[in-house]
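J.: CSV, C-alpha atoms, file model25.csv:
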chain,number,residue,atom,x,y,z
A,1,MET,CA,-45.9,-36.2,59.6
A,2,LYS,CA,-48.7,-37.7,57.5
A,3,ALA,CA,-47.6,-39.3,54.2
A,4,VAL,CA,-47.8,-37.0,51.3
A,5,LYS,CA,-48.4,-38.0,47.7
A,6,GLN,CA,-45.2,-38.0,45.7
A,7,THR,CA,-44.5,-36.7,42.2
A,8,GLY,CA,-42.2,-39.0,40.3
A,9,ASN,CA,-38.9,-39.2,42.1
A,10,PHE,CA,-39.5,-36.0,44.2
A,11,ASP,CA,-39.8,-36.8,47.9
A,12,VAL,CA,-41.2,-33.8,49.7
A,13,ASN,CA,-40.9,-35.4,53.1
A,14,LYS,CA,-37.2,-35.9,52.6
A,15,ILE,CA,-36.9,-32.3,51.3
A,16,ARG,CA,-38.6,-30.9,54.4
A,17,GLU,CA,-35.9,-32.5,56.6
A,18,ASP,CA,-33.4,-30.1,55.0
A,19,PHE,CA,-35.2,-27.0,56.3
A,20,PRO,CA,-35.1,-26.9,60.1
A,21,VAL,CA,-37.3,-23.8,60.4
A,22,LEU,CA,-40.3,-25.9,59.1
A,23,ALA,CA,-40.2,-28.1,62.2
A,24,GLN,CA,-41.3,-25.4,64.7
A,25,GLU,CA,-44.7,-24.5,66.0
A,26,VAL,CA,-46.4,-21.0,65.8
A,27,ASN,CA,-49.2,-20.1,68.2
A,28,GLY,CA,-49.3,-23.8,69.2
A,29,LYS,CA,-49.8,-25.0,65.7
A,30,PRO,CA,-47.3,-26.6,63.3
A,31,LEU,CA,-45.8,-23.8,61.1
A,32,VAL,CA,-47.3,-23.7,57.6
A,33,TYR,CA,-44.9,-21.4,55.7
A,34,LEU,CA,-46.6,-19.9,52.6
A,35,ASP,CA,-44.7,-16.6,52.3
A,36,ASN,CA,-42.0,-17.8,49.9
A,37,ALA,CA,-42.5,-15.0,47.4
A,38,ALA,CA,-41.3,-12.7,50.1
A,39,SER,CA,-38.4,-14.8,51.3
A,40,SER,CA,-37.9,-18.6,51.0
A,41,GLN,CA,-36.3,-20.6,53.8
A,42,VAL,CA,-32.7,-21.7,54.0
A,43,SER,CA,-31.6,-25.3,54.0
A,44,THR,CA,-29.2,-26.9,56.6
A,45,GLN,CA,-26.6,-27.2,53.8
A,46,VAL,CA,-26.6,-23.5,53.2
A,47,ILE,CA,-26.6,-22.7,56.9
A,48,GLU,CA,-23.6,-25.0,57.5
A,49,ARG,CA,-21.7,-23.6,54.5
A,50,THR,CA,-22.2,-20.0,55.7
A,51,SER,CA,-21.3,-21.0,59.2
A,52,LYS,CA,-18.1,-22.7,58.0
A,53,TYR,CA,-17.1,-19.4,56.3
A,54,LEU,CA,-17.8,-17.3,59.3
A,55,SER,CA,-16.1,-19.7,61.8
A,56,GLU,CA,-13.1,-20.9,59.7
A,57,GLU,CA,-12.6,-18.7,56.6
A,58,HIS,CA,-13.7,-15.2,57.5
A,59,SER,CA,-11.5,-12.6,55.9
A,60,ASN,CA,-11.7,-9.8,53.3
A,61,ILE,CA,-11.4,-11.1,49.7
A,62,HIS,CA,-9.2,-10.2,46.7
A,63,ARG,CA,-5.6,-8.8,47.0
A,64,GLY,CA,-5.0,-10.5,50.3
A,65,VAL,CA,-1.8,-12.6,50.3
A,66,HIS,CA,-2.5,-14.5,53.6
A,67,TYR,CA,-4.1,-17.9,53.9
A,68,LEU,CA,-7.6,-16.8,55.1
A,69,SER,CA,-8.0,-14.1,52.4
A,70,GLN,CA,-7.0,-16.6,49.7
A,71,ASN,CA,-9.5,-19.2,51.0
A,72,ALA,CA,-12.3,-16.7,51.2
A,73,THR,CA,-11.5,-15.4,47.8
A,74,SER,CA,-11.6,-18.9,46.3
A,75,ALA,CA,-14.9,-19.6,48.0
A,76,TYR,CA,-16.4,-16.3,46.8
A,77,GLU,CA,-15.3,-16.7,43.2
A,78,ALA,CA,-16.4,-20.4,43.2
A,79,ALA,CA,-19.9,-19.2,44.1
A,80,ARG,CA,-19.8,-16.9,41.1
A,81,GLU,CA,-18.9,-19.8,38.8
A,82,LYS,CA,-21.7,-21.9,40.3
A,83,VAL,CA,-24.1,-19.1,39.5
A,84,ARG,CA,-22.7,-18.9,36.0
A,85,ARG,CA,-23.4,-22.6,35.4
A,86,PHE,CA,-26.8,-22.4,37.0
A,87,ILE,CA,-28.1,-19.7,34.7
A,88,ASN,CA,-25.9,-20.7,31.7
A,89,ALA,CA,-24.0,-17.4,31.4
A,90,ARG,CA,-21.1,-17.4,28.9
A,91,GLU,CA,-18.6,-16.4,31.5
A,92,ALA,CA,-18.5,-15.9,35.3
A,93,LYS,CA,-17.4,-12.2,34.8
A,94,GLU,CA,-20.9,-11.5,33.4
A,95,CYS,CA,-22.4,-12.3,36.9
A,96,ILE,CA,-22.2,-9.3,39.1
A,97,PHE,CA,-22.8,-9.9,42.8
A,98,VAL,CA,-25.4,-7.4,44.2
A,99,ARG,CA,-27.5,-7.3,47.4
A,100,GLY,CA,-30.6,-8.4,45.5
A,101,THR,CA,-32.9,-7.7,42.6
A,102,THR,CA,-33.6,-4.1,43.7
A,103,GLU,CA,-29.9,-3.2,43.5
A,104,GLY,CA,-29.6,-5.0,40.2
A,105,VAL,CA,-32.3,-3.0,38.6
A,106,ASN,CA,-31.0,0.3,40.1
A,107,LEU,CA,-27.5,-0.5,38.8
A,108,VAL,CA,-28.8,-0.9,35.2
A,109,ALA,CA,-31.2,2.1,35.4
A,110,TYR,CA,-28.5,4.4,36.7
A,111,SER,CA,-25.6,3.2,34.6
A,112,TYR,CA,-27.5,2.5,31.4
A,113,GLY,CA,-29.6,5.6,31.9
A,114,ARG,CA,-26.5,7.9,32.2
A,115,LYS,CA,-24.9,6.4,29.1
A,116,PHE,CA,-27.8,5.7,26.7
A,117,ILE,CA,-31.0,7.5,27.7
A,118,ASN,CA,-31.6,11.1,26.5
A,119,GLU,CA,-34.4,13.6,26.2
A,120,GLY,CA,-37.3,12.3,24.2
A,121,ASP,CA,-36.3,8.7,24.6
A,122,GLU,CA,-38.7,6.0,25.9
A,123,ILE,CA,-38.5,3.3,28.5
A,124,ILE,CA,-41.0,0.4,28.4
A,125,ILE,CA,-42.1,-1.4,31.6
A,126,SER,CA,-45.2,-3.5,32.3
A,127,GLY,CA,-48.3,-3.0,34.3
A,128,MET,CA,-47.4,-5.8,36.6
A,129,GLU,CA,-44.0,-4.6,37.8
A,130,HIS,CA,-42.8,-4.6,41.4
A,131,HIS,CA,-42.0,-1.1,42.6
A,132,ALA,CA,-38.3,-2.0,42.3
A,133,ASN,CA,-38.7,-2.2,38.5
A,134,ILE,CA,-40.8,1.0,38.3
A,135,ILE,CA,-39.2,3.6,40.5
A,136,PRO,CA,-35.6,3.4,39.2
A,137,TRP,CA,-36.9,3.9,35.7
A,138,GLN,CA,-39.1,6.8,36.8
A,139,VAL,CA,-36.0,8.4,38.3
A,140,ALA,CA,-33.9,7.8,35.2
A,141,ALA,CA,-36.7,9.2,33.0
A,142,GLU,CA,-37.1,12.3,35.1
A,143,GLU,CA,-33.4,13.0,35.1
A,144,ARG,CA,-32.8,12.3,31.4
A,145,GLY,CA,-36.1,13.9,30.1
A,146,ALA,CA,-37.3,10.5,28.9
A,147,ARG,CA,-40.8,8.9,29.0
A,148,ILE,CA,-42.1,5.8,30.6
A,149,ARG,CA,-44.5,3.6,28.6
A,150,VAL,CA,-46.5,0.7,30.1
A,151,ILE,CA,-47.5,-2.6,28.6
A,152,PRO,CA,-51.1,-3.1,29.7
A,153,LEU,CA,-52.7,-6.1,31.4
A,154,ASN,CA,-55.8,-8.1,30.6
A,155,GLU,CA,-58.4,-9.2,33.2
A,156,ARG,CA,-56.5,-12.5,33.7
A,157,GLY,CA,-53.4,-10.7,34.7
A,158,GLU,CA,-51.5,-11.4,31.4
A,159,LEU,CA,-49.6,-8.8,29.4
A,160,VAL,CA,-51.2,-7.7,26.2
A,161,LEU,CA,-48.4,-8.6,23.8
A,162,GLU,CA,-50.0,-6.9,20.7
A,163,GLU,CA,-49.9,-3.6,22.6
A,164,TYR,CA,-46.3,-4.4,23.7
A,165,GLU,CA,-45.1,-4.6,20.1
A,166,ASN,CA,-47.0,-1.4,19.2
A,167,LEU,CA,-45.1,0.5,22.0
A,168,LEU,CA,-41.7,-0.4,20.5
A,169,ASN,CA,-40.2,2.3,18.1
A,170,GLU,CA,-37.0,4.1,17.3
A,171,ARG,CA,-37.2,6.1,20.5
A,172,THR,CA,-37.3,3.0,22.7
A,173,LYS,CA,-34.0,2.6,24.6
A,174,ILE,CA,-34.7,-0.3,27.0
A,175,VAL,CA,-37.5,-2.7,28.1
A,176,ALA,CA,-37.6,-3.7,31.7
A,177,VAL,CA,-40.1,-6.5,32.6
A,178,ALA,CA,-40.7,-9.2,35.2
A,179,HIS,CA,-40.2,-12.8,34.3
A,180,VAL,CA,-42.9,-13.7,36.9
A,181,SER,CA,-45.2,-11.3,38.7
A,182,ASN,CA,-44.8,-11.3,42.4
A,183,ALA,CA,-48.4,-10.2,43.0
A,184,LEU,CA,-50.2,-12.5,40.4
A,185,GLY,CA,-47.8,-15.4,39.7
A,186,THR,CA,-48.1,-14.7,35.9
A,187,ILE,CA,-45.2,-16.2,33.9
A,188,ASN,CA,-44.5,-13.8,31.1
A,189,PRO,CA,-43.3,-15.1,27.7
A,190,ILE,CA,-39.9,-13.5,28.2
A,191,LYS,CA,-38.1,-15.3,25.4
A,192,GLU,CA,-40.7,-14.0,22.9
A,193,MET,CA,-40.7,-10.5,24.4
A,194,ILE,CA,-36.9,-10.3,24.2
A,195,ALA,CA,-36.9,-11.4,20.6
A,196,THR,CA,-39.5,-8.8,19.7
A,197,ALA,CA,-37.4,-6.0,21.4
A,198,HIS,CA,-34.3,-7.2,19.6
A,199,LYS,CA,-36.0,-6.7,16.3
A,200,PHE,CA,-36.0,-3.0,17.1
A,201,GLY,CA,-32.4,-3.2,18.5
A,202,VAL,CA,-33.6,-2.6,22.0
A,203,PRO,CA,-32.0,-4.4,25.0
A,204,VAL,CA,-34.1,-6.0,27.7
A,205,LEU,CA,-33.7,-6.2,31.5
A,206,VAL,CA,-35.5,-9.1,33.2
A,207,ASP,CA,-36.5,-9.0,36.8
A,208,GLY,CA,-36.1,-12.7,37.6
A,209,ALA,CA,-36.7,-12.6,41.4
A,210,GLN,CA,-39.8,-14.7,41.2
A,211,ALA,CA,-38.7,-17.0,38.4
A,212,ILE,CA,-35.3,-18.2,39.6
A,213,PRO,CA,-36.6,-20.2,42.6
A,214,HIS,CA,-39.3,-22.0,40.6
A,215,PHE,CA,-37.9,-23.3,37.3
A,216,PRO,CA,-34.6,-23.5,35.4
A,217,VAL,CA,-33.5,-20.2,33.8
A,218,ASP,CA,-31.1,-20.2,30.9
A,219,VAL,CA,-30.0,-16.6,30.1
A,220,ALA,CA,-28.3,-17.7,26.9
A,221,ASP,CA,-31.5,-19.4,25.6
A,222,LEU,CA,-33.6,-16.4,26.6
A,223,ASP,CA,-31.0,-14.1,24.9
A,224,ALA,CA,-31.5,-11.7,27.9
A,225,ASP,CA,-29.3,-8.6,27.9
A,226,PHE,CA,-29.7,-8.2,31.7
A,227,TYR,CA,-31.2,-10.7,34.2
A,228,THR,CA,-31.3,-10.0,37.9
A,229,PHE,CA,-32.4,-12.0,40.9
A,230,SER,CA,-32.2,-12.2,44.7
A,231,GLY,CA,-30.6,-14.9,46.8
A,232,HIS,CA,-33.3,-14.8,49.5
A,233,LYS,CA,-36.0,-15.8,47.1
A,234,MET,CA,-33.9,-18.9,46.1
A,235,PHE,CA,-33.1,-20.5,49.5
A,236,ALA,CA,-30.0,-18.4,50.1
A,237,PRO,CA,-29.2,-15.7,52.8
A,238,THR,CA,-30.5,-12.2,52.5
A,239,GLY,CA,-28.1,-9.6,51.1
A,240,SER,CA,-27.0,-11.9,48.2
A,241,GLY,CA,-28.0,-11.6,44.6
A,242,VAL,CA,-26.9,-11.4,41.0
A,243,LEU,CA,-27.1,-9.1,38.0
A,244,TYR,CA,-26.2,-11.0,34.8
A,245,GLY,CA,-25.3,-8.8,31.9
A,246,LYS,CA,-24.0,-9.6,28.5
A,247,ARG,CA,-20.3,-8.5,28.4
A,248,GLU,CA,-20.9,-6.2,25.5
A,249,TRP,CA,-23.3,-4.2,27.6
A,250,LEU,CA,-21.4,-4.4,30.9
A,251,ASP,CA,-18.2,-3.2,29.3
A,252,LYS,CA,-20.0,-0.1,27.9
A,253,LEU,CA,-21.7,1.0,31.2
A,254,PRO,CA,-20.1,3.4,33.7
A,255,PRO,CA,-19.8,2.3,37.3
A,256,TYR,CA,-22.8,2.4,39.6
A,257,GLN,CA,-20.9,3.0,42.8
A,258,THR,CA,-17.3,4.0,43.3
A,259,GLY,CA,-14.7,3.2,45.9
A,260,GLY,CA,-12.3,0.4,46.8
A,261,GLY,CA,-12.1,-2.7,44.8
A,262,MET,CA,-13.6,-1.3,41.5
A,263,ILE,CA,-10.5,0.6,40.4
A,264,ARG,CA,-7.4,-0.1,38.2
A,265,THR,CA,-5.5,3.0,39.1
A,266,VAL,CA,-6.2,6.1,41.2
A,267,THR,CA,-4.4,9.5,41.2
A,268,PHE,CA,-5.7,12.9,42.2
A,269,GLU,CA,-5.9,13.8,38.5
A,270,LYS,CA,-7.7,10.7,37.2
A,271,THR,CA,-9.1,7.2,38.1
A,272,THR,CA,-9.3,4.3,35.7
A,273,TYR,CA,-11.7,1.4,36.4
A,274,ALA,CA,-11.2,-2.3,36.8
A,275,PRO,CA,-12.8,-4.6,34.2
A,276,ILE,CA,-16.0,-6.5,35.0
A,277,PRO,CA,-17.1,-7.8,37.4
A,278,GLU,CA,-15.0,-5.7,39.7
A,279,LYS,CA,-16.1,-2.4,38.0
A,280,PHE,CA,-19.6,-2.9,39.5
A,281,GLU,CA,-18.6,-4.3,42.9
A,282,ALA,CA,-17.3,-1.3,44.9
A,283,GLY,CA,-16.4,-1.9,48.6
A,284,THR,CA,-16.4,-5.0,50.7
A,285,PRO,CA,-19.2,-7.3,49.4
A,286,ALA,CA,-21.6,-9.6,51.3
A,287,ILE,CA,-19.0,-12.4,51.3
A,288,ALA,CA,-20.8,-14.8,53.6
A,289,ALA,CA,-24.2,-14.2,51.9
A,290,ASN,CA,-22.9,-14.8,48.4
A,291,ILE,CA,-20.9,-17.9,49.5
A,292,GLY,CA,-24.3,-19.0,50.9
A,293,LEU,CA,-25.8,-18.3,47.5
A,294,GLY,CA,-23.3,-20.6,45.9
A,295,ALA,CA,-24.3,-23.3,48.5
A,296,ALA,CA,-28.0,-22.7,47.6
A,297,VAL,CA,-27.2,-23.3,43.9
A,298,ASP,CA,-25.4,-26.6,45.0
A,299,TYR,CA,-28.6,-27.6,46.9
A,300,LEU,CA,-30.9,-26.9,44.0
A,301,ASN,CA,-28.6,-28.9,41.7
A,302,SER,CA,-28.8,-31.8,44.1
A,303,ILE,CA,-32.6,-32.3,44.3
A,304,ASP,CA,-33.8,-32.6,40.7
A,305,PHE,CA,-34.9,-29.0,40.3
A,306,GLU,CA,-37.1,-29.8,37.3
A,307,ALA,CA,-39.1,-32.4,39.3
A,308,ALA,CA,-39.4,-29.9,42.1
A,309,ALA,CA,-40.8,-27.4,39.6
A,310,ARG,CA,-43.4,-29.9,38.4
A,311,TYR,CA,-44.4,-30.7,42.0
A,312,GLU,CA,-44.8,-27.0,42.8
A,313,HIS,CA,-47.1,-26.5,39.8
A,314,GLU,CA,-49.3,-29.4,41.1
A,315,LEU,CA,-49.4,-27.6,44.5
A,316,LEU,CA,-50.5,-24.4,42.8
A,317,GLU,CA,-53.2,-26.1,40.8
A,318,TYR,CA,-54.5,-27.9,43.9
A,319,ALA,CA,-54.5,-24.7,46.0
A,320,THR,CA,-56.3,-22.8,43.2
A,321,GLU,CA,-59.0,-25.5,43.1
A,322,LYS,CA,-59.4,-25.6,46.9
A,323,LEU,CA,-59.8,-21.8,47.3
A,324,SER,CA,-61.9,-21.3,44.1
A,325,ASN,CA,-64.5,-23.6,45.6
A,326,ILE,CA,-64.9,-21.5,48.7
A,327,GLU,CA,-67.8,-19.0,48.4
A,328,GLY,CA,-66.7,-15.4,48.8
A,329,VAL,CA,-63.1,-16.0,47.7
A,330,ARG,CA,-61.9,-14.1,44.6
A,331,ILE,CA,-58.6,-15.2,43.0
A,332,ILE,CA,-56.6,-12.3,41.7
A,333,GLY,CA,-54.6,-13.3,38.7
A,334,THR,CA,-55.8,-16.2,36.6
A,335,ALA,CA,-53.2,-16.3,33.8
A,336,ARG,CA,-52.8,-19.5,31.8
A,337,GLU,CA,-49.1,-19.7,32.7
A,338,LYS,CA,-48.5,-19.2,36.4
A,339,ALA,CA,-45.8,-19.8,39.0
A,340,SER,CA,-46.4,-20.6,42.7
A,341,VAL,CA,-48.3,-17.5,43.7
A,342,LEU,CA,-52.0,-17.4,44.7
A,343,SER,CA,-53.4,-14.0,45.5
A,344,PHE,CA,-56.9,-13.7,46.7
A,345,THR,CA,-59.5,-11.6,48.5
A,346,ILE,CA,-62.5,-12.5,50.7
A,347,GLU,CA,-65.6,-10.4,50.3
A,348,ASP,CA,-65.9,-7.8,53.0
A,349,VAL,CA,-62.7,-8.9,54.8
A,350,HIS,CA,-59.5,-6.8,54.7
A,351,PRO,CA,-56.5,-8.9,53.7
A,352,HIS,CA,-54.6,-7.9,56.9
A,353,ASP,CA,-57.4,-9.5,58.9
A,354,ILE,CA,-57.1,-12.6,56.8
A,355,GLY,CA,-53.4,-12.7,57.5
A,356,THR,CA,-53.9,-12.2,61.2
A,357,ILE,CA,-56.4,-15.0,61.6
A,358,LEU,CA,-54.3,-17.3,59.5
A,359,ASP,CA,-51.3,-16.5,61.7
A,360,GLN,CA,-53.3,-17.6,64.7
A,361,GLN,CA,-53.6,-21.0,62.9
A,362,GLY,CA,-49.8,-21.1,62.4
A,363,ILE,CA,-50.1,-20.2,58.7
A,364,ALA,CA,-47.7,-17.6,57.3
A,365,ILE,CA,-48.9,-15.6,54.3
A,366,ARG,CA,-48.4,-12.1,53.0
A,367,ALA,CA,-51.1,-9.4,53.1
A,368,GLY,CA,-50.8,-6.0,51.4
A,369,HIS,CA,-50.1,-4.5,48.0
A,370,HIS,CA,-46.9,-6.6,47.6
A,371,CYS,CA,-45.0,-3.5,46.3
A,372,ALA,CA,-47.2,-3.7,43.2
A,373,GLN,CA,-49.7,-0.9,43.8
A,374,PRO,CA,-50.5,-0.4,40.0
A,375,VAL,CA,-51.6,-4.1,39.9
A,376,MET,CA,-53.9,-3.5,42.9
A,377,GLN,CA,-55.3,-0.4,41.2
A,378,PHE,CA,-55.9,-2.4,38.0
A,379,PHE,CA,-57.9,-5.0,39.8
A,380,ASP,CA,-59.6,-2.4,41.9
A,381,VAL,CA,-58.6,-3.8,45.3
A,382,PRO,CA,-56.6,-2.1,48.1
A,383,ALA,CA,-54.6,-5.3,48.8
A,384,THR,CA,-54.6,-9.0,48.5
A,385,ALA,CA,-53.8,-12.0,50.7
A,386,ARG,CA,-51.0,-13.9,49.0
A,387,ALA,CA,-50.1,-17.6,49.6
A,388,SER,CA,-46.9,-18.5,47.8
A,389,PHE,CA,-45.4,-22.0,47.6
A,390,ALA,CA,-42.1,-23.7,47.5
A,391,PHE,CA,-41.1,-27.3,46.8
A,392,TYR,CA,-41.1,-28.0,50.5
A,393,ASN,CA,-44.8,-27.3,50.9
A,394,THR,CA,-47.4,-30.1,50.9
A,395,ARG,CA,-51.0,-30.7,50.0
A,396,GLU,CA,-51.7,-31.2,53.7
A,397,GLU,CA,-50.6,-27.6,54.3
A,398,ILE,CA,-52.9,-26.4,51.5
A,399,ASP,CA,-55.8,-28.2,53.2
A,400,LYS,CA,-55.0,-26.3,56.3
A,401,LEU,CA,-54.9,-23.0,54.4
A,402,ALA,CA,-58.3,-23.7,52.9
A,403,ALA,CA,-59.8,-24.6,56.3
A,404,ALA,CA,-58.3,-21.4,57.8
A,405,VAL,CA,-59.8,-19.3,55.0
A,406,GLU,CA,-63.2,-20.9,55.7
A,407,LYS,CA,-62.7,-20.0,59.4
A,408,VAL,CA,-62.0,-16.4,58.4
A,409,ILE,CA,-65.4,-16.3,56.5
A,410,GLU,CA,-67.1,-17.8,59.6
A,411,VAL,CA,-65.6,-15.1,61.9
A,412,PHE,CA,-66.8,-12.3,59.6
A,413,ALA,CA,-70.1,-13.8,58.7
Now that the file is in, can you turn its structure into structure tokens?
T.:
Amino acid sequence: MKAVKQTGNFDVNKIREDFPVLAQEVNGKPLVYLDNAASSQVSTQVIERTSKYLSEEHSNIHRGVHYLSQNATSAYEAAREKVRRFINAREAKECIFVRGTTEGVNLVAYSYGRKFINEGDEIIISGMEHHANIIPWQVAAEERGARIRVIPLNERGELVLEEYENLLNERTKIVAVAHVSNALGTINPIKEMIATAHKFGVPVLVDGAQAIPHFPVDVADLDADFYTFSGHKMFAPTGSGVLYGKREWLDKLPPYQTGGGMIRTVTFEKTTYAPIPEKFEAGTPAIAANIGLGAAVDYLNSIDFEAAARYEHELLEYATEKLSNIEGVRIIGTAREKASVLSFTIEDVHPHDIGTILDQQGIAIRAGHHCAQPVMQFFDVPATARASFAFYNTREEIDKLAAAVEKVIEVFA
């Protein structure tokens, strides 16, 4: 592969060797994988750790007295501790394993909603939310007789923070907002937004799905009440994820699901529940996937994650410049602070056609509304083409993206 410009001590060529999927061809072309906001790829280290569990350690966890169960339990709980350190939670018990961000949001919406939201109360979300951070709150509001209020966007795809503060009042019961927009790449000033909500005594849930793969997240520094993310966005297997919650909140919430594993005692007259995290982890969990998540954390800790984040930002700036210089291309989302998402449209070309032609060139992007239909409505587009980057992408791949976009324009000229 052609030499790629390096950033500091970050060697992208070496990094790419860790991701075997990148070595293949698609439609006779070298794969250019630019769909990382949907799912990132998995390193050899994560594949090997997950395979080791399945081939040598596979057993149900907790309460087993035999060798395999104890080994599996140790590996599973070690992964929880790795996550705790990675996000700087106070204790591992504050890290609840879930299947992904969607389940994390639903857990809080259901449990917090049942306990704390009543008729006439208000729930604040933003105009850039993924459907997974809209619909659970709509359901909670409908069931409890509450009202959804929405932080508006400006034309750059940034939240209007003055309006946000005006929305907060004595009826506000929770704020639920994305750290990074999956459709626009906008990085929201979450620490500031949390501090503003806390002035009103309001807790905040952060959808961190698009933040956690791209830069270090410190939940203690943010002072987040809840923070949830998916493993498959951060180089781990699908079916893994985490809901972080402050103990003082998690202890107050009722269970989200019930069944085996989340109980202390059961009689036909009454059931008492286990403490956290077990209270929110009913049934047999995704053991292999979450052990893989722990391995993904190990991997991120091994590569100089902060250098990777700087490199990614350079890729985003380079890609933005390349596509902005192509006549007929419109960039959707031009926030001053952005992560590695570049959404765009081409005049008179449907995004699905863009995606199809790029696929013929071996380039994988996402085309559609990205589970963010209110964002599409705000920008008055039916959908966008979305290229999203990870630290294993290169400038050479962005050059190929730009050339393919120009080819699309030629085809539809």
J.: Compute the distance from (-15.4, -9.8, 28.8) to each atom, counting only C-alpha atoms, keep the residues with any atom at most 8 Å away, and return them as an NGL selection string; use the coordinates of the file.
T.: :A and (91 or 93-94 or 247-248 or 251 or 275-276)
J.: Taking only C-alpha atoms into account, name the residue in A:Arg49, A:His352, A:His66, A:His131 that is nearest to Gly368 in chain A.
T.: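 The shortest atom-to-atom distance to Gly368 in chain A comes from A:His352.
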J.: Counting all atoms listed in the file, which of A:Val160, A:Ala296, A:Ala413, A:Leu316 gets nearest to Ile346 in chain A?
T.: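 Nearest candidate to Ile346 in chain A out of A:Val160, A:Ala296, A:Ala413, A:Leu316: A:Ala413.
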J.: Hey, what's within 7 Å of range 207-218 of chain A if we count all atoms listed in the file and toss same-chain stuff fewer than 3 positions away? As a PyMOL selection string, please?
T.: chain A and resi 37+87-88+101+177-182+221-222+227-230+233-234+306+309
J.: Excluding same-chain residues fewer than 2 positions from Ile174 in chain A, what lies within 12 Å of it counting all atoms listed in the file, as a ChimeraX atom specification?
T.: /A:108-109,112-113,116-118,121-125,137,140-141,146-149,167-172,176-177,194,197-198,200-206,224-226
J.: Store the residues picked out above, limited to C-alpha atoms, as a PDB file, in the frame of the given file.
T.:
ATOM      1  CA  VAL A 108     -28.800  -0.900  35.200  1.00  0.00           C
ATOM      2  CA  ALA A 109     -31.200   2.100  35.400  1.00  0.00           C
ATOM      3  CA  TYR A 112     -27.500   2.500  31.400  1.00  0.00           C
ATOM      4  CA  GLY A 113     -29.600   5.600  31.900  1.00  0.00           C
ATOM      5  CA  PHE A 116     -27.800   5.700  26.700  1.00  0.00           C
ATOM      6  CA  ILE A 117     -31.000   7.500  27.700  1.00  0.00           C
ATOM      7  CA  ASN A 118     -31.600  11.100  26.500  1.00  0.00           C
ATOM      8  CA  ASP A 121     -36.300   8.700  24.600  1.00  0.00           C
ATOM      9  CA  GLU A 122     -38.700   6.000  25.900  1.00  0.00           C
ATOM     10  CA  ILE A 123     -38.500   3.300  28.500  1.00  0.00           C
ATOM     11  CA  ILE A 124     -41.000   0.400  28.400  1.00  0.00           C
ATOM     12  CA  ILE A 125     -42.100  -1.400  31.600  1.00  0.00           C
ATOM     13  CA  TRP A 137     -36.900   3.900  35.700  1.00  0.00           C
ATOM     14  CA  ALA A 140     -33.900   7.800  35.200  1.00  0.00           C
ATOM     15  CA  ALA A 141     -36.700   9.200  33.000  1.00  0.00           C
ATOM     16  CA  ALA A 146     -37.300  10.500  28.900  1.00  0.00           C
ATOM     17  CA  ARG A 147     -40.800   8.900  29.000  1.00  0.00           C
ATOM     18  CA  ILE A 148     -42.100   5.800  30.600  1.00  0.00           C
ATOM     19  CA  ARG A 149     -44.500   3.600  28.600  1.00  0.00           C
ATOM     20  CA  LEU A 167     -45.100   0.500  22.000  1.00  0.00           C
ATOM     21  CA  LEU A 168     -41.700  -0.400  20.500  1.00  0.00           C
ATOM     22  CA  ASN A 169     -40.200   2.300  18.100  1.00  0.00           C
ATOM     23  CA  GLU A 170     -37.000   4.100  17.300  1.00  0.00           C
ATOM     24  CA  ARG A 171     -37.200   6.100  20.500  1.00  0.00           C
ATOM     25  CA  THR A 172     -37.300   3.000  22.700  1.00  0.00           C
ATOM     26  CA  ALA A 176     -37.600  -3.700  31.700  1.00  0.00           C
ATOM     27  CA  VAL A 177     -40.100  -6.500  32.600  1.00  0.00           C
ATOM     28  CA  ILE A 194     -36.900 -10.300  24.200  1.00  0.00           C
ATOM     29  CA  ALA A 197     -37.400  -6.000  21.400  1.00  0.00           C
ATOM     30  CA  HIS A 198     -34.300  -7.200  19.600  1.00  0.00           C
ATOM     31  CA  PHE A 200     -36.000  -3.000  17.100  1.00  0.00           C
ATOM     32  CA  GLY A 201     -32.400  -3.200  18.500  1.00  0.00           C
ATOM     33  CA  VAL A 202     -33.600  -2.600  22.000  1.00  0.00           C
ATOM     34  CA  PRO A 203     -32.000  -4.400  25.000  1.00  0.00           C
ATOM     35  CA  VAL A 204     -34.100  -6.000  27.700  1.00  0.00           C
ATOM     36  CA  LEU A 205     -33.700  -6.200  31.500  1.00  0.00           C
ATOM     37  CA  VAL A 206     -35.500  -9.100  33.200  1.00  0.00           C
ATOM     38  CA  ALA A 224     -31.500 -11.700  27.900  1.00  0.00           C
ATOM     39  CA  ASP A 225     -29.300  -8.600  27.900  1.00  0.00           C
ATOM     40  CA  PHE A 226     -29.700  -8.200  31.700  1.00  0.00           C
TER      41      PHE A 226
END
J.: Neighbouring residues of Leu68 in chain A were defined as those with any atom within 10 Å, considering only C-alpha atoms; residues of the same chain fewer than 5 positions away were excluded. Please report them as a list in words.
T.: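 Once the adjacent positions are removed, what remains is Tyr53, Glu56, Glu57, His58, Ser59, Asn60, Ile61, Thr73 and Ser74 of chain A.
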J.: Could you produce a table of the residues of range 255-317 of chain A lying within 7 Å of range 389-403 of chain A, with the nearest pair of atoms per residue and their separation in Å rounded to one decimal, using all atoms listed in the file, ordered by chain and increasing residue number, as JSON lines?
T.:
{"residue": "A:Ala308", "atom": "CA", "partner": "A:Phe391", "partner_atom": "CA", "distance": 5.6}
{"residue": "A:Tyr311", "atom": "CA", "partner": "A:Phe391", "partner_atom": "CA", "distance": 6.7}
{"residue": "A:Glu312", "atom": "CA", "partner": "A:Phe391", "partner_atom": "CA", "distance": 5.5}
{"residue": "A:Leu315", "atom": "CA", "partner": "A:Arg395", "partner_atom": "CA", "distance": 6.5}
